[in-house]
Every structure is written in structure tokens, then in C-alpha cells.
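Everything below belongs to work-v8.csv, which stores CSV, C-alpha atoms.
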chain,number,residue,atom,x,y,z
W,1,MET,CA,47.4,41.6,136.1
W,2,THR,CA,45.5,39.9,133.3
W,3,VAL,CA,47.5,39.2,130.2
W,4,ALA,CA,45.9,40.7,127.1
W,5,ARG,CA,44.6,38.2,124.6
W,6,ARG,CA,45.3,38.3,120.9
W,7,PHE,CA,42.7,37.9,118.2
W,8,VAL,CA,42.4,34.3,116.9
W,9,ARG,CA,44.8,33.1,114.1
W,10,TRP,CA,43.0,29.9,113.4
W,11,ALA,CA,39.3,29.1,112.7
W,12,PRO,CA,37.5,25.7,112.4
W,13,CYS,CA,37.3,24.4,108.9
W,14,ARG,CA,33.7,23.9,107.7
W,15,SER,CA,34.6,21.3,105.1
W,16,HIS,CA,36.9,19.2,107.3
W,17,PRO,CA,35.6,18.7,110.8
W,18,ASP,CA,39.0,18.3,112.4
W,19,GLY,CA,40.7,20.9,110.3
W,20,ARG,CA,41.7,24.5,111.0
W,21,VAL,CA,42.2,27.4,108.7
W,22,PRO,CA,44.8,30.1,109.2
W,23,VAL,CA,43.0,33.5,109.6
W,24,ARG,CA,44.4,36.9,110.3
W,25,VAL,CA,42.6,40.1,111.6
W,26,THR,CA,43.6,43.5,110.3
W,27,ASP,CA,42.2,47.0,110.6
W,28,MET,CA,39.8,47.9,107.9
W,29,THR,CA,40.7,50.4,105.3
W,30,ALA,CA,38.7,52.2,102.6
W,31,GLU,CA,40.2,49.8,100.1
W,32,ASP,CA,39.0,46.8,102.0
W,33,ALA,CA,35.5,48.2,102.1
W,34,TRP,CA,35.6,48.9,98.3
W,35,TRP,CA,36.9,45.4,97.6
W,36,TRP,CA,34.1,43.8,99.7
W,37,ASP,CA,31.4,45.9,98.0
W,38,THR,CA,32.6,45.0,94.5
W,39,ARG,CA,33.7,41.4,95.0
W,40,VAL,CA,31.4,40.0,97.7
W,41,GLN,CA,28.5,42.3,98.2
W,42,THR,CA,27.5,42.1,94.5
W,43,HIS,CA,26.8,38.4,95.2
W,44,LEU,CA,25.2,38.9,98.6
W,45,VAL,CA,22.7,41.3,97.3
W,46,THR,CA,21.1,38.4,95.4
W,47,GLN,CA,20.6,36.5,98.7
W,48,ALA,CA,17.2,37.5,100.0
W,49,SER,CA,17.7,35.8,103.4
W,50,ARG,CA,20.9,37.7,104.2
W,51,ALA,CA,20.6,40.4,106.8
W,52,ASP,CA,23.6,42.2,105.1
W,53,ARG,CA,22.0,42.0,101.7
W,54,TYR,CA,21.9,45.8,101.2
W,55,TRP,CA,25.0,46.8,103.3
W,56,SER,CA,27.5,49.0,101.6
W,57,TRP,CA,30.7,48.9,103.5
W,58,SER,CA,32.2,51.8,101.5
W,59,VAL,CA,29.4,54.0,103.0
W,60,LEU,CA,29.3,52.3,106.4
W,61,LEU,CA,32.9,52.7,107.1
W,62,PRO,CA,33.1,56.5,107.1
W,63,ALA,CA,29.5,57.0,108.2
W,64,CYS,CA,30.0,54.8,111.3
W,65,HIS,CA,33.2,56.6,112.2
W,66,LEU,CA,31.5,60.0,112.1
W,67,VAL,CA,28.4,58.9,114.0
W,68,GLN,CA,30.5,57.5,116.8
W,69,LEU,CA,32.9,60.4,116.9
W,70,ALA,CA,30.0,62.7,117.3
W,71,GLN,CA,29.0,60.8,120.4
W,72,ARG,CA,32.6,60.7,121.7
W,73,ARG,CA,32.9,57.0,121.0
W,74,PHE,CA,35.3,55.1,118.7
W,75,CYS,CA,34.3,52.7,116.0
W,76,ARG,CA,36.8,49.8,115.4
W,77,PRO,CA,36.6,48.4,111.9
W,78,LEU,CA,38.2,45.0,111.3
W,79,VAL,CA,38.7,42.6,108.5
W,80,VAL,CA,39.1,38.8,108.8
W,81,TRP,CA,41.3,37.1,106.2
W,82,ALA,CA,41.6,33.4,105.5
W,83,ARG,CA,44.3,31.5,103.7
W,84,ALA,CA,43.2,30.3,100.3
W,85,ASP,CA,44.4,27.4,98.2
W,86,ASN,CA,47.2,29.5,96.7
W,87,ARG,CA,48.4,30.0,100.3
W,88,ARG,CA,47.8,33.7,100.1
W,89,PHE,CA,45.1,35.5,102.2
W,90,VAL,CA,41.7,36.7,101.1
W,91,ARG,CA,39.1,38.7,102.9
W,92,VAL,CA,36.3,36.6,104.4
W,93,ALA,CA,34.6,38.7,107.0
W,94,MET,CA,34.1,42.3,108.0
W,95,ALA,CA,33.3,43.8,111.3
W,96,LEU,CA,32.4,47.3,112.7
W,97,LEU,CA,32.6,47.3,116.5
W,98,ILE,CA,32.0,50.1,119.0
W,99,GLU,CA,34.3,50.5,122.0
W,100,THR,CA,32.9,51.6,125.3
W,101,TYR,CA,29.1,51.2,124.7
W,102,PRO,CA,26.5,50.8,127.5
W,103,HIS,CA,26.2,47.2,128.6
W,104,LEU,CA,22.8,45.9,127.5
W,105,ASP,CA,22.2,44.2,130.8
W,106,VAL,CA,21.1,47.2,132.8
W,107,ARG,CA,21.5,45.2,136.1
W,108,ASP,CA,25.2,45.5,135.4
W,109,ALA,CA,25.8,49.1,134.6
W,110,ALA,CA,29.3,48.9,133.1
W,111,PRO,CA,30.9,49.8,129.8
W,112,ALA,CA,31.0,47.1,127.1
W,113,SER,CA,31.8,46.8,123.5
W,114,PHE,CA,29.0,46.6,120.9
W,115,THR,CA,29.1,44.5,117.7
W,116,TRP,CA,27.4,46.8,115.3
W,117,PHE,CA,27.9,45.3,111.8
W,118,ILE,CA,29.4,41.9,111.1
W,119,ALA,CA,29.3,39.9,107.9
W,120,ALA,CA,31.0,36.8,106.6
W,121,ALA,CA,31.3,36.0,102.9
W,122,ASP,CA,29.1,33.3,101.4
W,123,VAL,CA,31.1,30.1,101.7
W,124,ALA,CA,30.1,28.6,98.3
W,125,TRP,CA,31.0,31.9,96.6
W,126,MET,CA,34.4,32.0,98.3
W,127,ARG,CA,35.1,28.4,97.2
W,128,ASP,CA,34.1,29.0,93.6
W,129,ARG,CA,35.3,32.5,93.1
W,130,PHE,CA,38.4,32.7,95.3
W,131,ALA,CA,39.6,29.0,95.5
W,132,LEU,CA,38.9,28.8,99.2
W,133,SER,CA,38.5,25.0,99.5
W,134,HIS,CA,39.1,25.1,103.3
W,135,ARG,CA,36.4,27.5,104.4
W,136,PRO,CA,36.6,28.8,107.9
W,137,ALA,CA,33.6,28.9,110.3
W,138,LEU,CA,33.5,32.5,111.4
W,139,GLY,CA,30.5,33.0,113.7
W,140,ARG,CA,32.4,32.6,116.9
W,141,VAL,CA,35.5,34.3,115.5
W,142,LEU,CA,33.5,37.5,114.8
W,143,ILE,CA,31.9,37.5,118.3
W,144,ASP,CA,35.4,36.9,119.8
W,145,LEU,CA,36.7,40.1,118.2
W,146,SER,CA,34.3,42.2,120.4
W,147,VAL,CA,34.7,40.1,123.5
W,148,VAL,CA,38.5,40.3,123.3
W,149,LEU,CA,38.6,44.0,122.7
W,150,SER,CA,36.3,44.5,125.7
W,151,ALA,CA,38.4,42.2,127.9
W,152,ASN,CA,41.6,43.9,127.0
W,153,ALA,CA,40.0,47.3,127.6
W,154,GLY,CA,39.2,46.3,131.2
W,155,GLN,CA,35.5,45.9,130.5
W,156,GLY,CA,35.4,42.2,131.5
W,157,GLY,CA,34.6,41.0,128.1
W,158,ARG,CA,31.1,42.5,128.2
W,159,MET,CA,29.7,42.9,124.8
W,160,GLY,CA,26.3,43.3,123.1
W,161,LEU,CA,24.7,43.2,119.7
W,162,HIS,CA,21.4,43.5,118.0
W,163,ALA,CA,20.4,40.8,115.5
W,164,ALA,CA,19.1,42.6,112.4
W,165,THR,CA,15.4,41.9,111.8
W,166,ARG,CA,16.1,40.8,108.2
W,167,GLY,CA,18.2,37.9,109.6
W,168,GLY,CA,15.0,36.4,111.0
W,169,ARG,CA,15.0,33.4,113.3
W,170,PRO,CA,18.2,31.8,111.7
W,171,LEU,CA,20.2,34.8,112.9
W,172,LEU,CA,18.8,34.4,116.4
W,173,SER,CA,19.7,30.7,116.4
W,174,LEU,CA,23.2,31.5,115.2
W,175,TYR,CA,23.9,33.9,118.0
W,176,ARG,CA,22.5,31.4,120.6
W,177,ALA,CA,24.8,28.7,119.1
W,178,CYS,CA,27.7,31.1,119.4
W,179,GLY,CA,27.1,31.1,123.2
W,180,LEU,CA,25.6,34.6,123.6
W,181,THR,CA,22.8,35.3,126.1
W,182,ALA,CA,19.5,36.5,124.7
W,183,LEU,CA,18.2,39.6,126.5
W,184,PRO,CA,14.6,38.9,127.5
W,185,ARG,CA,12.1,40.9,125.5
W,186,ALA,CA,10.7,42.4,128.7
W,187,ALA,CA,14.1,43.6,129.9
W,188,LYS,CA,14.8,47.3,129.9
W,189,LEU,CA,17.5,48.6,127.6
W,190,PRO,CA,20.0,51.3,128.6
W,191,PRO,CA,18.6,54.8,128.1
W,192,GLN,CA,21.1,55.4,125.2
W,193,VAL,CA,19.3,52.7,123.3
W,194,ARG,CA,16.2,54.4,122.1
W,195,ARG,CA,14.4,51.6,120.2
W,196,ARG,CA,12.1,49.2,122.0
W,197,ASN,CA,13.4,45.8,123.0
W,198,ASP,CA,12.3,43.6,120.1
W,199,GLY,CA,13.7,40.5,121.7
W,200,ARG,CA,16.7,40.5,119.3
W,201,PHE,CA,19.4,41.8,121.6
W,202,PHE,CA,22.2,39.5,122.8
W,203,TYR,CA,25.0,40.0,125.2
W,204,ALA,CA,27.9,38.4,127.0
W,205,ASP,CA,28.5,39.0,130.7
W,206,PRO,CA,32.0,38.5,132.1
W,207,GLN,CA,31.4,34.9,133.0
W,208,VAL,CA,30.1,34.0,129.5
W,209,ALA,CA,32.8,36.1,127.9
W,210,GLU,CA,35.5,34.3,129.7
W,211,ARG,CA,34.0,30.9,128.7
W,212,LEU,CA,33.8,32.1,125.1
W,213,MET,CA,37.4,33.3,125.0
W,214,GLN,CA,38.8,30.2,126.7
W,215,ARG,CA,37.2,28.1,124.1
W,216,LEU,CA,39.2,29.9,121.4
W,217,ASP,CA,42.4,30.4,123.3
W,218,PRO,CA,44.1,27.5,121.5
W,219,ASP,CA,43.5,29.3,118.2
W,220,ARG,CA,45.3,32.5,119.2
W,221,VAL,CA,48.8,31.2,118.6
K,1,MET,CA,6.1,45.6,100.8
K,2,SER,CA,9.1,47.8,100.5
K,3,THR,CA,8.9,51.1,102.2
K,4,LYS,CA,12.0,52.4,100.5
K,5,LYS,CA,12.0,56.2,100.3
K,6,LYS,CA,13.6,58.0,97.4
K,7,PRO,CA,17.1,59.0,98.4
K,8,LYS,CA,17.7,62.7,99.1
K,9,THR,CA,18.5,64.8,96.1
K,10,ALA,CA,22.2,64.7,95.4
K,11,GLN,CA,24.1,67.4,97.1
K,12,PRO,CA,27.7,68.3,97.3
K,13,ALA,CA,29.6,66.6,100.2
K,14,THR,CA,30.3,69.9,101.9
K,15,LEU,CA,31.2,70.0,105.5
K,16,GLY,CA,27.7,71.3,106.4
K,17,ALA,CA,25.9,68.6,104.4
K,18,VAL,CA,28.0,65.9,106.0
K,19,LEU,CA,27.5,67.2,109.5
K,20,GLU,CA,23.8,67.5,108.8
K,21,ALA,CA,23.7,63.9,107.7
K,22,VAL,CA,25.7,62.8,110.8
K,23,ALA,CA,23.3,64.7,113.1
K,24,ALA,CA,20.3,62.9,111.4
K,25,LEU,CA,22.0,59.6,112.0
K,26,THR,CA,22.9,60.3,115.6
K,27,ALA,CA,19.3,61.0,116.4
K,28,ARG,CA,18.9,57.3,116.0
K,29,ASP,CA,20.6,54.6,118.1
K,30,GLU,CA,22.8,51.9,116.7
K,31,ALA,CA,20.1,49.3,116.4
K,32,GLN,CA,17.9,51.7,114.5
K,33,ILE,CA,20.7,52.6,112.2
K,34,GLN,CA,21.4,48.9,111.6
K,35,GLU,CA,17.7,48.4,110.6
K,36,LEU,CA,17.9,51.4,108.2
K,37,VAL,CA,21.1,50.0,106.6
K,38,SER,CA,19.6,46.5,106.3
K,39,ASP,CA,16.6,47.9,104.5
K,40,GLY,CA,18.9,49.6,102.0
K,41,ARG,CA,17.9,53.1,103.2
K,42,ILE,CA,21.2,54.5,104.5
K,43,ALA,CA,21.3,56.9,101.5
K,44,GLU,CA,18.1,58.6,102.8
K,45,LEU,CA,20.2,60.1,105.7
K,46,PHE,CA,23.8,59.7,104.5
K,47,PRO,CA,23.8,60.3,100.7
K,48,PHE,CA,27.6,60.2,100.3
K,49,ARG,CA,30.0,57.5,99.2
K,50,PRO,CA,33.7,57.6,98.8
K,51,ALA,CA,35.3,57.6,95.3
K,52,ALA,CA,36.7,54.4,94.0
K,53,PRO,CA,40.4,53.7,94.8
K,54,LYS,CA,42.8,55.0,92.1
K,55,LYS,CA,44.7,51.7,92.1
K,56,PRO,CA,43.2,48.2,91.8
K,57,VAL,CA,42.7,46.4,95.1
K,58,ALA,CA,44.2,42.9,95.0
K,59,ASP,CA,42.0,39.9,95.8
K,60,PHE,CA,44.9,38.1,97.5
K,61,VAL,CA,47.6,39.3,99.8
K,62,ASP,CA,50.8,37.6,101.0
K,63,GLU,CA,50.8,36.9,104.7
K,64,GLU,CA,53.9,39.0,105.2
K,65,ALA,CA,52.0,42.0,103.8
K,66,LEU,CA,49.2,41.8,106.3
K,67,THR,CA,49.6,44.0,109.4
K,68,GLU,CA,47.7,42.2,112.1
K,69,ALA,CA,45.4,44.4,114.2
K,70,SER,CA,46.1,45.0,117.8
K,71,ALA,CA,43.5,43.6,120.2
K,72,ARG,CA,44.5,46.1,122.8
K,73,PRO,CA,42.9,49.6,123.1
K,74,LEU,CA,44.4,51.9,120.5
K,75,THR,CA,46.3,55.0,121.4
K,76,ALA,CA,45.0,58.3,120.1
K,77,ARG,CA,47.5,58.3,117.3
K,78,GLN,CA,46.5,54.8,116.3
K,79,ARG,CA,42.9,55.8,116.3
K,80,ALA,CA,43.6,58.7,114.1
K,81,ARG,CA,45.4,56.4,111.6
K,82,VAL,CA,42.5,54.0,111.6
K,83,ILE,CA,40.1,56.9,110.9
K,84,GLN,CA,42.3,58.3,108.2
K,85,ALA,CA,42.6,54.9,106.6
K,86,SER,CA,38.8,54.8,106.2
K,87,MET,CA,39.2,57.5,103.6
K,88,PRO,CA,40.3,56.3,100.1
K,89,ARG,CA,43.9,57.2,99.2
K,90,SER,CA,43.9,59.6,96.4
K,91,ALA,CA,46.4,61.6,94.5
K,92,SER,CA,44.4,64.6,95.3
K,93,SER,CA,42.6,65.2,98.6
K,94,SER,CA,39.9,66.8,96.6
K,95,ALA,CA,38.9,63.5,95.0
K,96,THR,CA,38.2,61.7,98.2
K,97,PHE,CA,34.5,61.7,98.5
K,98,GLU,CA,31.5,62.4,96.3
K,99,ALA,CA,27.8,62.8,96.9
K,100,ILE,CA,25.8,60.1,95.2
K,101,GLY,CA,25.1,61.1,91.7
K,102,ASP,CA,27.0,64.3,91.9
K,103,GLU,CA,30.5,65.6,92.0
K,104,GLY,CA,31.0,67.3,95.3
K,105,ALA,CA,33.5,68.9,97.6
K,106,LEU,CA,35.7,66.2,99.2
K,107,HIS,CA,38.4,67.1,101.5
K,108,ASP,CA,35.6,68.7,103.6
K,109,LEU,CA,34.8,65.2,104.8
K,110,VAL,CA,38.4,64.9,106.1
K,111,LYS,CA,37.8,68.2,107.8
K,112,ALA,CA,34.7,66.8,109.3
K,113,PHE,CA,36.6,63.9,110.7
K,114,ARG,CA,39.3,66.0,112.1
K,115,SER,CA,37.1,68.5,113.7
K,116,LEU,CA,35.1,65.8,115.4
K,117,GLU,CA,38.2,63.9,116.4
K,118,LYS,CA,39.8,67.1,117.9
K,119,GLY,CA,36.7,67.7,120.0
K,120,ARG,CA,36.7,64.2,121.4
K,121,LYS,CA,37.9,63.7,125.0
K,122,ARG,CA,39.7,60.5,125.7

For the structure just supplied, provide its representation as C-alpha cells.
Amino acid sequence: MTVARRFVRWAPCRSHPDGRVPVRVTDMTAEDAWWWDTRVQTHLVTQASRADRYWSWSVLLPACHLVQLAQRRFCRPLVVWARADNRRFVRVAMALLIETYPHLDVRDAAPASFTWFIAAADVAWMRDRFALSHRPALGRVLIDLSVVLSANAGQGGRMGLHAATRGGRPLLSLYRACGLTALPRAAKLPPQVRRRNDGRFFYADPQVAERLMQRLDPDRV
Amino acid sequence: MSTKKKPKTAQPATLGAVLEAVAALTARDEAQIQELVSDGRIAELFPFRPAAPKKPVADFVDEEALTEASARPLTARQRARVIQASMPRSASSSATFEAIGDEGALHDLVKAFRSLEKGRKR
């Protein structure tokens, strides 16, 4: 029997190469979404290169729940917190994941999780506004949320995501650097995914997922 | 060039209006919805937003006050709690949600959640 993994509780520190930052993952509430919209999103909307520039988490949270419920799926909303200089925790990332979604690699027709919306706060903004001198690197942490949920649900860690077009090439590079596999543009998508394959889908199969999770296992304690 | 459409005319957040909006969204897949949201156009299909919380939301929280999320599959009861928590806490259930630019019915959205959740098979 496979032992269920926890979410990570440490993240690499961007400002100190050998450092780690305490992080915690909680279930997202309406208050979290409102806080993000009023404290973080007001800054992100000025960043033209950000894929999440126009996201409103206050709207996304209930809307995404309803959309998934209507399709008999469940949306898992999560918040990542990091310890600030005052040794208290502040929100640094948001995630909306879908449980039991068709695996993007149709050669392996199995359920997977889907990373629908993820966003990390601007690091400079968090340093200046919220005294977060030791800023966590969150790309792999956010991917890990979906992989771990999938693994613990018996889905082998399979997960998928679509890189928003507004994120451009940098977003593609980020997901590749996080260890995800790019779905070839010519590959067919599951029938439940209606849009054409624009070459911006990524996924993790069980082998990749296990490698990704093992890399972060020391940070789960 | 932006192709932003004008958001739908404000309407009350009645059960019917919410379900109509959800139906419009579910006609699209998740990647399509993501693109819509990223273009700032979600209000074209889902012109509702929750009311602001009654109490201020703190920037910082003590570690002891954080309830870490379970990484295991949630039970039905836990899922219901997560969904309920996506609605702002309010002194009155009738002040939960509003249509953009308009005062609307509110606990109807809670009804929408509940009716959809009840119909869901595990």
C-alpha cells in the first residue's frame, strides 16, 4: 500500500540559494480570494506580461465550483502561505485544481488531476509590501499540489494543464523547467477537451510524477 | 487589439440567472474558460461577484491559526465545507452575492450550489 504524501512545508528560497522558506497549504476561502484580489491582484493588473493579469479570484472561486459541479467533478481550491519576516504567514500563491479530469495523453486513458488556475505573487511586491525578504520559489510547489492530489487519489500522479496564451513563451519555459512533459501539438486531446491543441498543453505521466514528487519529498516534513 | 465585449447588462443573481451563466460556461472546456478569464472577459458569461467580507481580512496569520489542507481525497462532507467556504461569510445569507453593478438576490447562489451538489454522484 502506497503511503499518502503530504503537501510540501518548505520551498526553496529565491534570495538565498541554499535557504528554504516555511510554507503551508490551506483550503481557499472566499476571504482568501477577496484578499488576493484587493492586495495582490491590484498590482498584477499592471503587469502586461502576466497571464493572470485579469484574473479575479473572487469570481473564479464560486464560478469554478459551479462549473465543475455541473459536470459532476470537484474543484479543489488551495492557498500557499509563506512565513514573512515577522514570522507570521502571508498568502503567496493561489491554485484551482480539478480532481478526476481526463488525462491529456490519450494513449493512457486514465483519470488525472488538472491544474486549472495557478498564480504566485510578484516577488518584489511581496518583499516591499509584506516584508517577505526570504521569498519562496513556487513553480514546482504549485505543480506538486496537483501531482500529490492525483497520486493520493490513486491516479498515479497523472496531471495536466494548459499554459495560458497570455503567458507566452516564458510560461512554456517555466513548465518545462518544472519538469512537465509538453504534449506535442499534433497529439489528439481527450474528447472532453473541445479546443484545438495549440501546443500549450503539458502533463505528467506516473513516471514523471514520481520523479517530481521524490524531488520535493524532503520538503514535506 | 482588444476584443473585449461589453459585459452583459447587470441582472439579479437569481438561481435562474446563475444556472444560465453556468450552462454558458460549461459549453466551453477548461482551457477555453482559462483563455476567457485571462482576456478579462469572464463577466461576459458570469456577471456575478460575491459581496466583500463584512470583517477585514488580515494580511498575516499566525502559524497556529492555519489549518493545513489535506492532500488526501476529501470526503463528501469535507467537500461540502470547502464549497460552502467559497461563499463569503455574512450576517445575512441574503447579502452573499450580487450581480455586477446591481443589488441582486443572493442566497439563491447557495441554493444553486446545494442543488448541484445534491445531484452529484460520488

For chain K, which residues have at least one atom within 6 Å of chain W, if we go by all atoms listed in the file? Write them as a PDB file with C-alpha atoms, in the coordinates of the input, please.
ATOM      1  CA  VAL K  22      25.700  62.800 110.800  1.00  0.00           C
ATOM      2  CA  THR K  26      22.900  60.300 115.600  1.00  0.00           C
ATOM      3  CA  ASP K  29      20.600  54.600 118.100  1.00  0.00           C
ATOM      4  CA  SER K  38      19.600  46.500 106.300  1.00  0.00           C
ATOM      5  CA  GLY K  40      18.900  49.600 102.000  1.00  0.00           C
ATOM      6  CA  ARG K  49      30.000  57.500  99.200  1.00  0.00           C
ATOM      7  CA  PHE K  60      44.900  38.100  97.500  1.00  0.00           C
ATOM      8  CA  VAL K  61      47.600  39.300  99.800  1.00  0.00           C
ATOM      9  CA  ASP K  62      50.800  37.600 101.000  1.00  0.00           C
ATOM     10  CA  GLU K  68      47.700  42.200 112.100  1.00  0.00           C
ATOM     11  CA  ALA K  69      45.400  44.400 114.200  1.00  0.00           C
ATOM     12  CA  ALA K  71      43.500  43.600 120.200  1.00  0.00           C
ATOM     13  CA  ARG K  72      44.500  46.100 122.800  1.00  0.00           C
ATOM     14  CA  PRO K  73      42.900  49.600 123.100  1.00  0.00           C
ATOM     15  CA  ALA K  85      42.600  54.900 106.600  1.00  0.00           C
ATOM     16  CA  SER K  86      38.800  54.800 106.200  1.00  0.00           C
ATOM     17  CA  MET K  87      39.200  57.500 103.600  1.00  0.00           C
ATOM     18  CA  PRO K  88      40.300  56.300 100.100  1.00  0.00           C
ATOM     19  CA  ARG K 120      36.700  64.200 121.400  1.00  0.00           C
TER      20      ARG K 120
END

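For the pair CA of Val221 in chain W and CA of Gly160 in chain W, the separation is 25.9 Å.
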
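Between CA of Arg129 in chain W and CA of Ser173 in chain W lies a distance of 28.1 Å.
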
Give the answer as one residue: which of K:Val57, K:Ala52, K:Glu44, K:Arg77 has the shortest atom-to-atom distance to Ala24 in chain K, using all atoms listed in the file? K:Glu44

For His43 in chain W, which residue out of W:Met126, W:Val3, W:Val147, W:Val208 is the nearest one, using only C-alpha atoms?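 Using only C-alpha atoms, His43 in chain W sits closest to W:Met126.
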